[in-house]
file protein.cif (mmCIF, C-alpha atoms)
data_work
loop_
_atom_site.label_atom_id
_atom_site.label_comp_id
_atom_site.auth_asym_id
_atom_site.auth_seq_id
_atom_site.Cartn_x
_atom_site.Cartn_y
_atom_site.Cartn_z
CA MET L 1 108.68 -20.98 59.72
CA THR L 2 110.77 -24.10 60.28
CA TYR L 3 109.92 -27.42 61.86
CA HIS L 4 110.92 -28.25 65.40
CA LEU L 5 111.06 -32.05 65.34
CA GLU L 6 111.07 -32.51 69.10
CA ASN L 7 107.60 -32.94 70.62
CA SER L 8 106.01 -31.76 67.34
CA ILE L 9 106.35 -28.08 68.26
CA PHE L 10 106.86 -25.34 65.70
CA MET L 11 109.51 -22.81 66.60
CA THR L 12 111.56 -20.20 64.82
CA GLY L 13 114.66 -18.19 65.56
CA GLU L 14 118.40 -18.51 65.86
CA PRO L 15 120.32 -19.91 68.86
CA LYS L 16 121.37 -17.81 71.82
CA ILE L 17 124.97 -18.12 72.94
CA LYS L 18 124.17 -19.02 76.57
CA ASP L 19 121.28 -21.31 75.69
CA TRP L 20 122.88 -23.65 73.16
CA HIS L 21 121.56 -26.70 75.02
CA ASN L 22 117.94 -25.67 74.52
CA PRO L 23 116.10 -26.92 71.40
CA PHE L 24 116.28 -24.05 68.93
CA ASN L 25 115.68 -24.13 65.22
CA TYR L 26 117.98 -22.95 62.52
CA SER L 27 117.50 -21.79 58.98
CA GLU L 28 118.07 -25.33 57.69
CA GLY L 29 115.03 -26.50 59.62
CA MET L 30 117.04 -28.66 62.02
CA SER L 31 116.63 -28.62 65.79
CA LEU L 32 119.68 -28.51 68.03
CA GLY L 33 118.10 -31.06 70.33
CA MET L 34 116.21 -33.19 67.88
CA ILE L 35 118.44 -36.27 67.75
CA ASN L 36 119.61 -36.25 71.36
CA TRP L 37 117.93 -38.28 74.09
CA ASP L 38 117.85 -36.20 77.24
CA GLY L 39 118.13 -39.19 79.57
CA ARG L 40 121.40 -40.50 78.24
CA LEU L 41 122.88 -36.99 78.25
CA SER L 42 121.78 -35.88 81.71
CA GLN L 43 122.16 -39.26 83.43
CA VAL L 44 125.52 -40.38 82.05
CA ILE L 45 127.34 -38.37 79.39
CA PHE L 46 127.23 -34.87 80.86
CA PRO L 47 127.95 -35.82 84.51
CA ALA L 48 130.71 -38.24 83.45
CA LEU L 49 132.30 -35.52 81.33
CA GLU L 50 132.23 -33.03 84.19
CA LYS L 51 133.66 -35.60 86.62
CA ILE L 52 136.90 -35.80 84.60
CA PRO L 53 139.36 -33.06 85.65
CA VAL L 54 139.57 -30.31 83.04
CA GLU L 55 143.29 -30.87 82.48
CA LYS L 56 142.54 -34.48 81.51
CA ARG L 57 139.91 -33.49 78.95
CA ALA L 58 141.44 -30.37 77.48
CA VAL L 59 141.01 -31.87 74.00
CA VAL L 60 137.78 -33.78 73.26
CA LEU L 61 136.63 -35.77 70.25
CA ASP L 62 132.84 -35.71 69.79
CA ALA L 63 132.29 -38.82 67.67
CA GLY L 64 129.22 -38.80 65.45
CA CYS L 65 128.46 -35.42 66.99
CA GLY L 66 125.17 -34.67 65.23
CA THR L 67 124.25 -31.16 66.28
CA GLY L 68 127.26 -30.98 68.62
CA MET L 69 125.59 -30.86 72.01
CA ILE L 70 128.22 -32.96 73.81
CA GLY L 71 131.14 -31.03 72.37
CA LEU L 72 129.48 -27.75 73.29
CA LYS L 73 128.98 -29.01 76.83
CA ALA L 74 132.67 -29.90 76.99
CA ILE L 75 133.69 -26.36 76.02
CA GLU L 76 131.13 -24.85 78.40
CA THR L 77 132.58 -26.83 81.31
CA GLY L 78 136.25 -26.09 80.67
CA SER L 79 137.63 -28.12 77.76
CA LYS L 80 139.88 -26.08 75.47
CA PHE L 81 139.25 -27.72 72.10
CA VAL L 82 136.76 -30.10 70.49
CA TYR L 83 136.93 -32.08 67.26
CA PHE L 84 133.36 -32.39 65.96
CA ILE L 85 133.26 -35.54 63.80
CA GLU L 86 130.19 -36.04 61.62
CA HIS L 87 129.52 -37.99 58.42
CA ASP L 88 126.02 -36.77 57.53
CA ALA L 89 126.07 -33.86 55.03
CA GLN L 90 122.99 -32.15 56.51
CA MET L 91 124.41 -32.29 60.03
CA ILE L 92 127.70 -30.84 58.79
CA LYS L 93 125.75 -27.98 57.24
CA VAL L 94 124.06 -27.33 60.59
CA LEU L 95 127.39 -27.42 62.43
CA LYS L 96 128.99 -24.96 60.03
CA ASN L 97 126.06 -22.62 60.50
CA VAL L 98 125.77 -22.91 64.27
CA LEU L 99 129.24 -23.41 65.77
CA PRO L 100 130.72 -20.11 64.54
CA LYS L 101 127.93 -18.33 66.44
CA LEU L 102 128.70 -20.16 69.66
CA LEU L 103 132.46 -20.79 69.69
CA LYS L 104 135.68 -19.07 68.71
CA PRO L 105 137.72 -20.47 65.79
CA HIS L 106 140.52 -21.72 68.08
CA GLN L 107 138.06 -23.81 70.11
CA TYR L 108 136.89 -26.32 67.52
CA LYS L 109 137.34 -28.12 64.23
CA ILE L 110 134.65 -29.80 62.13
CA ILE L 111 135.74 -33.01 60.41
CA GLY L 112 133.38 -34.57 57.88
CA SER L 113 134.25 -38.25 57.82
CA ASP L 114 133.22 -41.80 58.57
CA LEU L 115 134.45 -42.59 62.09
CA GLU L 116 136.26 -45.70 60.86
CA LYS L 117 138.21 -43.72 58.25
CA LEU L 118 139.79 -40.99 60.33
CA LYS L 119 143.33 -39.86 59.46
CA PRO L 120 145.87 -38.81 62.12
CA GLU L 121 146.95 -35.69 60.21
CA TRP L 122 143.47 -34.20 60.66
CA PHE L 123 144.05 -33.86 64.41
CA ASP L 124 146.45 -30.94 64.30
CA ASN L 125 145.14 -29.15 67.41
CA GLY L 126 146.19 -31.75 69.96
CA ILE L 127 145.62 -35.43 70.70
CA PRO L 128 142.09 -36.16 71.98
CA GLN L 129 142.14 -37.18 75.63
CA VAL L 130 138.43 -37.97 75.84
CA VAL L 131 136.11 -39.41 73.20
CA THR L 132 132.39 -38.83 73.69
CA SER L 133 129.54 -40.26 71.67
CA GLU L 134 125.83 -41.04 71.47
CA LEU L 135 126.36 -43.81 68.93
CA PHE L 136 124.03 -46.31 70.53
CA GLY L 137 120.49 -47.00 69.45
CA PRO L 138 117.50 -48.97 70.76
CA THR L 139 119.40 -52.28 70.81
CA LEU L 140 122.58 -50.61 72.10
CA PHE L 141 125.07 -51.97 69.57
CA ASP L 142 123.03 -51.30 66.43
CA GLU L 143 125.08 -48.31 65.30
CA GLY L 144 128.34 -50.27 65.07
CA TYR L 145 130.00 -48.71 68.10
CA VAL L 146 132.29 -51.70 68.73
CA SER L 147 134.10 -51.23 65.42
CA VAL L 148 134.13 -47.45 65.87
CA VAL L 149 135.92 -47.79 69.21
CA ALA L 150 138.48 -50.11 67.61
CA ALA L 151 139.20 -47.59 64.86
CA ILE L 152 139.57 -44.63 67.23
CA LYS L 153 141.63 -46.62 69.75
CA LYS L 154 144.06 -47.48 66.98
CA LEU L 155 144.69 -43.76 66.48
CA PHE L 156 144.47 -42.66 70.11
CA PRO L 157 145.15 -45.66 72.38
CA ARG L 158 145.19 -43.61 75.60
CA ALA L 159 141.87 -41.86 75.01
CA VAL L 160 139.12 -42.32 77.60
CA PHE L 161 135.64 -43.03 76.24
CA ILE L 162 132.29 -41.74 77.46
CA PRO L 163 130.28 -43.93 77.92
CA GLU L 164 132.81 -46.48 79.20
CA THR L 165 130.69 -49.63 79.30
CA PHE L 166 127.79 -50.93 77.21
CA ALA L 167 125.85 -53.79 78.78
CA GLN L 168 122.70 -55.87 78.58
CA ASP L 169 121.37 -57.80 81.57
CA ILE L 170 119.59 -61.00 80.48
CA PHE L 171 116.62 -62.11 82.60
CA LEU L 172 114.32 -65.14 82.39
CA THR L 173 110.76 -64.83 83.67
CA ASP L 174 107.30 -66.38 83.46
CA VAL L 175 104.83 -65.03 80.94
CA ASP L 176 102.48 -62.48 82.49
CA TYR L 177 99.03 -62.72 80.92
CA SER L 178 97.79 -59.58 82.64
CA TYR L 179 97.85 -55.94 81.58
CA PRO L 180 99.68 -54.33 79.81
CA ILE L 181 101.07 -57.05 77.53
CA TRP L 182 98.32 -59.65 77.57
CA PRO L 183 94.87 -57.95 77.49
CA GLN L 184 92.02 -60.37 78.20
CA SER L 185 89.75 -60.02 75.19
CA ALA L 186 89.25 -61.34 71.68
CA GLU L 187 91.45 -58.55 70.43
CA GLY L 188 93.90 -59.34 73.21
CA GLN L 189 94.24 -62.93 72.01
CA SER L 190 95.15 -61.61 68.58
CA THR L 191 97.70 -59.32 70.22
CA LEU L 192 99.13 -62.29 72.11
CA GLU L 193 99.57 -64.36 68.94
CA HIS L 194 101.20 -61.42 67.20
CA TYR L 195 103.51 -60.93 70.17
CA LYS L 196 104.56 -64.58 70.05
CA PHE L 197 105.13 -64.31 66.32
CA LEU L 198 107.34 -61.26 66.71
CA HIS L 199 109.44 -62.77 69.48
CA HIS L 200 109.70 -66.37 68.38
CA SER L 201 109.59 -66.15 64.60
CA LYS L 202 110.99 -62.71 63.88
CA GLY L 203 113.70 -62.78 66.52
CA TRP L 204 113.09 -59.87 68.85
CA ASN L 205 110.82 -56.98 69.62
CA THR L 206 110.66 -54.08 72.05
CA ILE L 207 108.68 -54.90 75.19
CA GLU L 208 106.26 -52.27 76.44
CA GLY L 209 105.28 -51.79 80.05
CA ASN L 210 107.10 -51.69 83.39
CA PHE L 211 110.16 -53.75 84.20
CA TYR L 212 110.83 -55.19 87.65
CA PRO L 213 114.17 -57.06 87.71
CA GLU L 214 113.58 -58.32 91.26
CA GLU L 215 110.78 -60.50 89.89
CA LYS L 216 113.02 -62.17 87.30
CA THR L 217 115.96 -64.58 87.22
CA LYS L 218 119.17 -63.08 85.87
CA VAL L 219 120.97 -65.55 83.61
CA GLY L 220 123.89 -63.47 82.38
CA VAL L 221 125.30 -60.20 81.07
CA ILE L 222 126.43 -59.09 77.63
CA LYS L 223 129.09 -56.41 78.05
CA PHE L 224 131.48 -54.29 76.01
CA LYS L 225 134.23 -52.29 77.73
CA THR L 226 135.75 -49.47 75.71
CA ALA L 227 138.93 -49.31 77.82
CA ASN L 228 140.22 -52.73 76.79
CA GLN L 229 137.73 -53.49 73.99
CA VAL L 230 136.72 -56.76 75.65
CA PHE L 231 133.32 -57.79 74.29
CA LYS L 232 131.41 -60.64 75.91
CA ASN L 233 128.75 -60.80 73.23
CA ALA L 234 126.83 -64.00 74.12
CA VAL L 235 125.00 -65.60 77.04
CA GLU L 236 123.82 -69.24 77.19
CA PHE L 237 121.05 -70.55 79.45
CA LYS L 238 118.79 -73.59 79.79
CA HIS L 239 115.01 -73.70 79.50
CA GLN L 240 112.50 -76.48 80.16
CA GLY L 241 108.81 -76.63 80.95
CA LYS L 242 106.33 -73.76 80.71
CA GLU L 243 106.57 -70.89 78.26
CA GLN L 244 108.74 -68.00 79.39
CA LEU L 245 110.11 -64.66 78.28
CA VAL L 246 113.68 -63.51 77.95
CA TYR L 247 113.97 -59.89 79.05
CA ILE L 248 116.99 -57.87 77.94
CA GLN L 249 117.68 -54.58 79.70
CA SER L 250 120.22 -52.39 77.90
CA TYR L 251 122.22 -49.73 79.74
CA VAL L 252 125.40 -47.68 79.56
CA THR L 253 127.72 -46.65 82.38
CA SER L 254 130.54 -44.16 82.77
CA HIS L 255 132.49 -42.84 85.75
CA GLY L 256 129.93 -44.10 88.25
CA TYR L 257 126.82 -43.03 86.30
CA LYS L 258 124.25 -45.28 84.63
CA SER L 259 121.40 -44.84 82.15
CA ASN L 260 118.94 -47.57 81.18
CA GLN L 261 118.08 -47.79 77.50
CA ALA L 262 115.47 -49.87 75.66
CA LEU L 263 113.98 -53.05 77.08
CA PHE L 264 113.33 -55.89 74.65
CA GLY L 265 113.32 -59.67 74.51
CA PHE L 266 112.20 -63.03 73.18
CA TYR L 267 109.34 -65.46 73.65
CA LEU L 268 110.21 -69.07 74.59
CA PRO L 269 107.54 -71.73 73.89
CA LYS L 270 106.97 -74.51 76.42
CA SER L 271 109.17 -77.57 76.05
CA ALA L 272 109.14 -81.05 77.59
CA GLN L 273 112.89 -81.35 77.05
CA GLU L 274 115.68 -79.15 78.34
CA ILE L 275 116.89 -76.76 75.63
CA THR L 276 120.03 -74.66 75.70
CA TYR L 277 119.52 -71.22 74.20
CA LYS L 278 122.01 -68.52 73.35
CA VAL L 279 121.37 -64.77 73.23
CA GLU L 280 124.10 -63.24 71.10
CA ILE L 281 124.94 -59.84 69.70
CA SER L 282 125.84 -60.62 66.14
CA LEU L 283 128.97 -58.94 64.85
CA ALA L 284 127.72 -59.14 61.28
CA THR L 285 126.75 -55.78 59.80
CA GLU L 286 123.83 -57.27 57.88
CA THR L 287 122.08 -58.06 61.20
CA LEU L 288 122.66 -54.48 62.42
CA TYR L 289 124.36 -55.86 65.55
CA ARG L 290 120.97 -56.80 66.95
CA PRO L 291 120.50 -59.56 69.53
CA LEU L 292 119.78 -63.02 68.15
CA LEU L 293 118.25 -66.00 69.95
CA THR L 294 119.36 -69.45 68.81
CA LYS L 295 119.17 -73.00 70.07
CA VAL L 296 122.56 -74.48 70.96
CA GLU L 297 123.08 -77.89 69.40
CA LEU L 298 124.85 -80.09 71.93
#
call {"tool": "encode", "arguments": {"input": "protein.cif", "output": "structure tokens"}}
result
Amino acid sequence: MTYHLENSIFMTGEPKIKDWHNPFNYSEGMSLGMINWDGRLSQVIFPALEKIPVEKRAVVLDAGCGTGMIGLKAIETGSKFVYFIEHDAQMIKVLKNVLPKLLKPHQYKIIGSDLEKLKPEWFDNGIPQVVTSELFGPTLFDEGYVSVVAAIKKLFPRAVFIPETFAQDIFLTDVDYSYPIWPQSAEGQSTLEHYKFLHHSKGWNTIEGNFYPEEKTKVGVIKFKTANQVFKNAVEFKHQGKEQLVYIQSYVTSHGYKSNQALFGFYLPKSAQEITYKVEISLATETLYRPLLTKVEL
């Protein structure tokens, strides 16, 4: 028996040709669907891919393909050839075991490489017209996608990327001391202090609970466009008076489709003086491209 890592279910068996998109296990103990988030696939990547005419996506590059779900979807919906690019040795082993059972040899090529070290001679089955990827994590830019796009664009400047745009809407709002974030109890007070510590002292933290943008003031947008590689990676705003929260809603868009990702933010203590803050996506690898909150010295 092998582990199915999605929803903690145990399953066995090999994949069926027509059901590649369902979470099956393989002999290596890896699940076809285990590292893919259904929302981002069904809400953006798959519909955007199918919206592009087949003749304009005949050759696809699945960047950081993992178990290859996006590339398989491309072939299923009419693409002629897919380059499956993966760096992880275990994932490559899965691909080599699974893809021959689902595709014909002339439909794909597996390339084991870092995405920033690709060589043009490897792409001997046509120039990729579309580049697809799930290389975005909880804080959107934390898997280094900006530098990956730059590297691939250098090789294939006319390629279209899915997703097209990565963005974070920045909102400012009052602190809500009601459920679910601020429980009214002795334990709740401890939770509150810990929350402040995480947001103010440690930099950022995921915010649990519902998000209602209509109840908040939008102060700016952080945005990266793959088409022209323009990256507006910082937003400045002013704060004075009572304590507030900075909410950051991450999302991706492509060909008219949108998928919200994680919601996170910062705690701002009350201040008698006006303070200018800056939310910035650091481009330094040691910060993992996470958002940083700093005071702007005027």
call {"tool": "resolve_selection", "arguments": {"input": "protein.cif", "expression": "the PyMOL selection byres ((chain L and resi 120) around 12)", "output": "list in words"}}
result
Ile111, Glu116, Lys117, Leu118, Lys119, Glu121, Trp122, Phe123, Asp124, Asn125, Gly126, Ile127, Pro128, Ala151, Ile152, Lys153, Lys154, Leu155 and Phe156 of chain L
call {"tool": "write_last_selection", "arguments": {"input": "protein.cif", "atoms": "C-alpha atoms", "output": "CSV table (one decimal), in the coordinates of the input"}}
result
chain,number,residue,atom,x,y,z
L,111,ILE,CA,135.7,-33.0,60.4
L,116,GLU,CA,136.3,-45.7,60.9
L,117,LYS,CA,138.2,-43.7,58.2
L,118,LEU,CA,139.8,-41.0,60.3
L,119,LYS,CA,143.3,-39.9,59.5
L,121,GLU,CA,147.0,-35.7,60.2
L,122,TRP,CA,143.5,-34.2,60.7
L,123,PHE,CA,144.0,-33.9,64.4
L,124,ASP,CA,146.4,-30.9,64.3
L,125,ASN,CA,145.1,-29.2,67.4
L,126,GLY,CA,146.2,-31.8,70.0
L,127,ILE,CA,145.6,-35.4,70.7
L,128,PRO,CA,142.1,-36.2,72.0
L,151,ALA,CA,139.2,-47.6,64.9
L,152,ILE,CA,139.6,-44.6,67.2
L,153,LYS,CA,141.6,-46.6,69.8
L,154,LYS,CA,144.1,-47.5,67.0
L,155,LEU,CA,144.7,-43.8,66.5
L,156,PHE,CA,144.5,-42.7,70.1
call {"tool": "atom_distance", "arguments": {"input": "protein.cif", "atom1": "atom CA of L:Leu245", "atom2": "atom CA of L:Gln261"}}
result
18.7 Å
call {"tool": "closest_residue", "arguments": {"input": "protein.cif", "among": "L:Val60, L:Val252, L:Val246, L:Met91", "to": "L:Leu172", "atoms": "all atoms listed in the file"}}
result
L:Val246
call {"tool": "resolve_selection", "arguments": {"input": "protein.cif", "expression": "the PyMOL selection byres ((chain L and resi 139) around 10)", "output": "list in words"}}
result
Phe136, Gly137, Pro138, Leu140, Phe141, Asp142, Glu143, Gln168, Asn205, Thr206, Ile248, Gln249, Ser250, Tyr251, Gln261, Ala262, Leu263, Phe264, Ile281, Leu288, Tyr289, Arg290 and Pro291 of chain L
call {"tool": "atom_distance", "arguments": {"input": "protein.cif", "atom1": "atom CA of L:Ile222", "atom2": "atom CA of L:Ser133"}}
result
20.0 Å
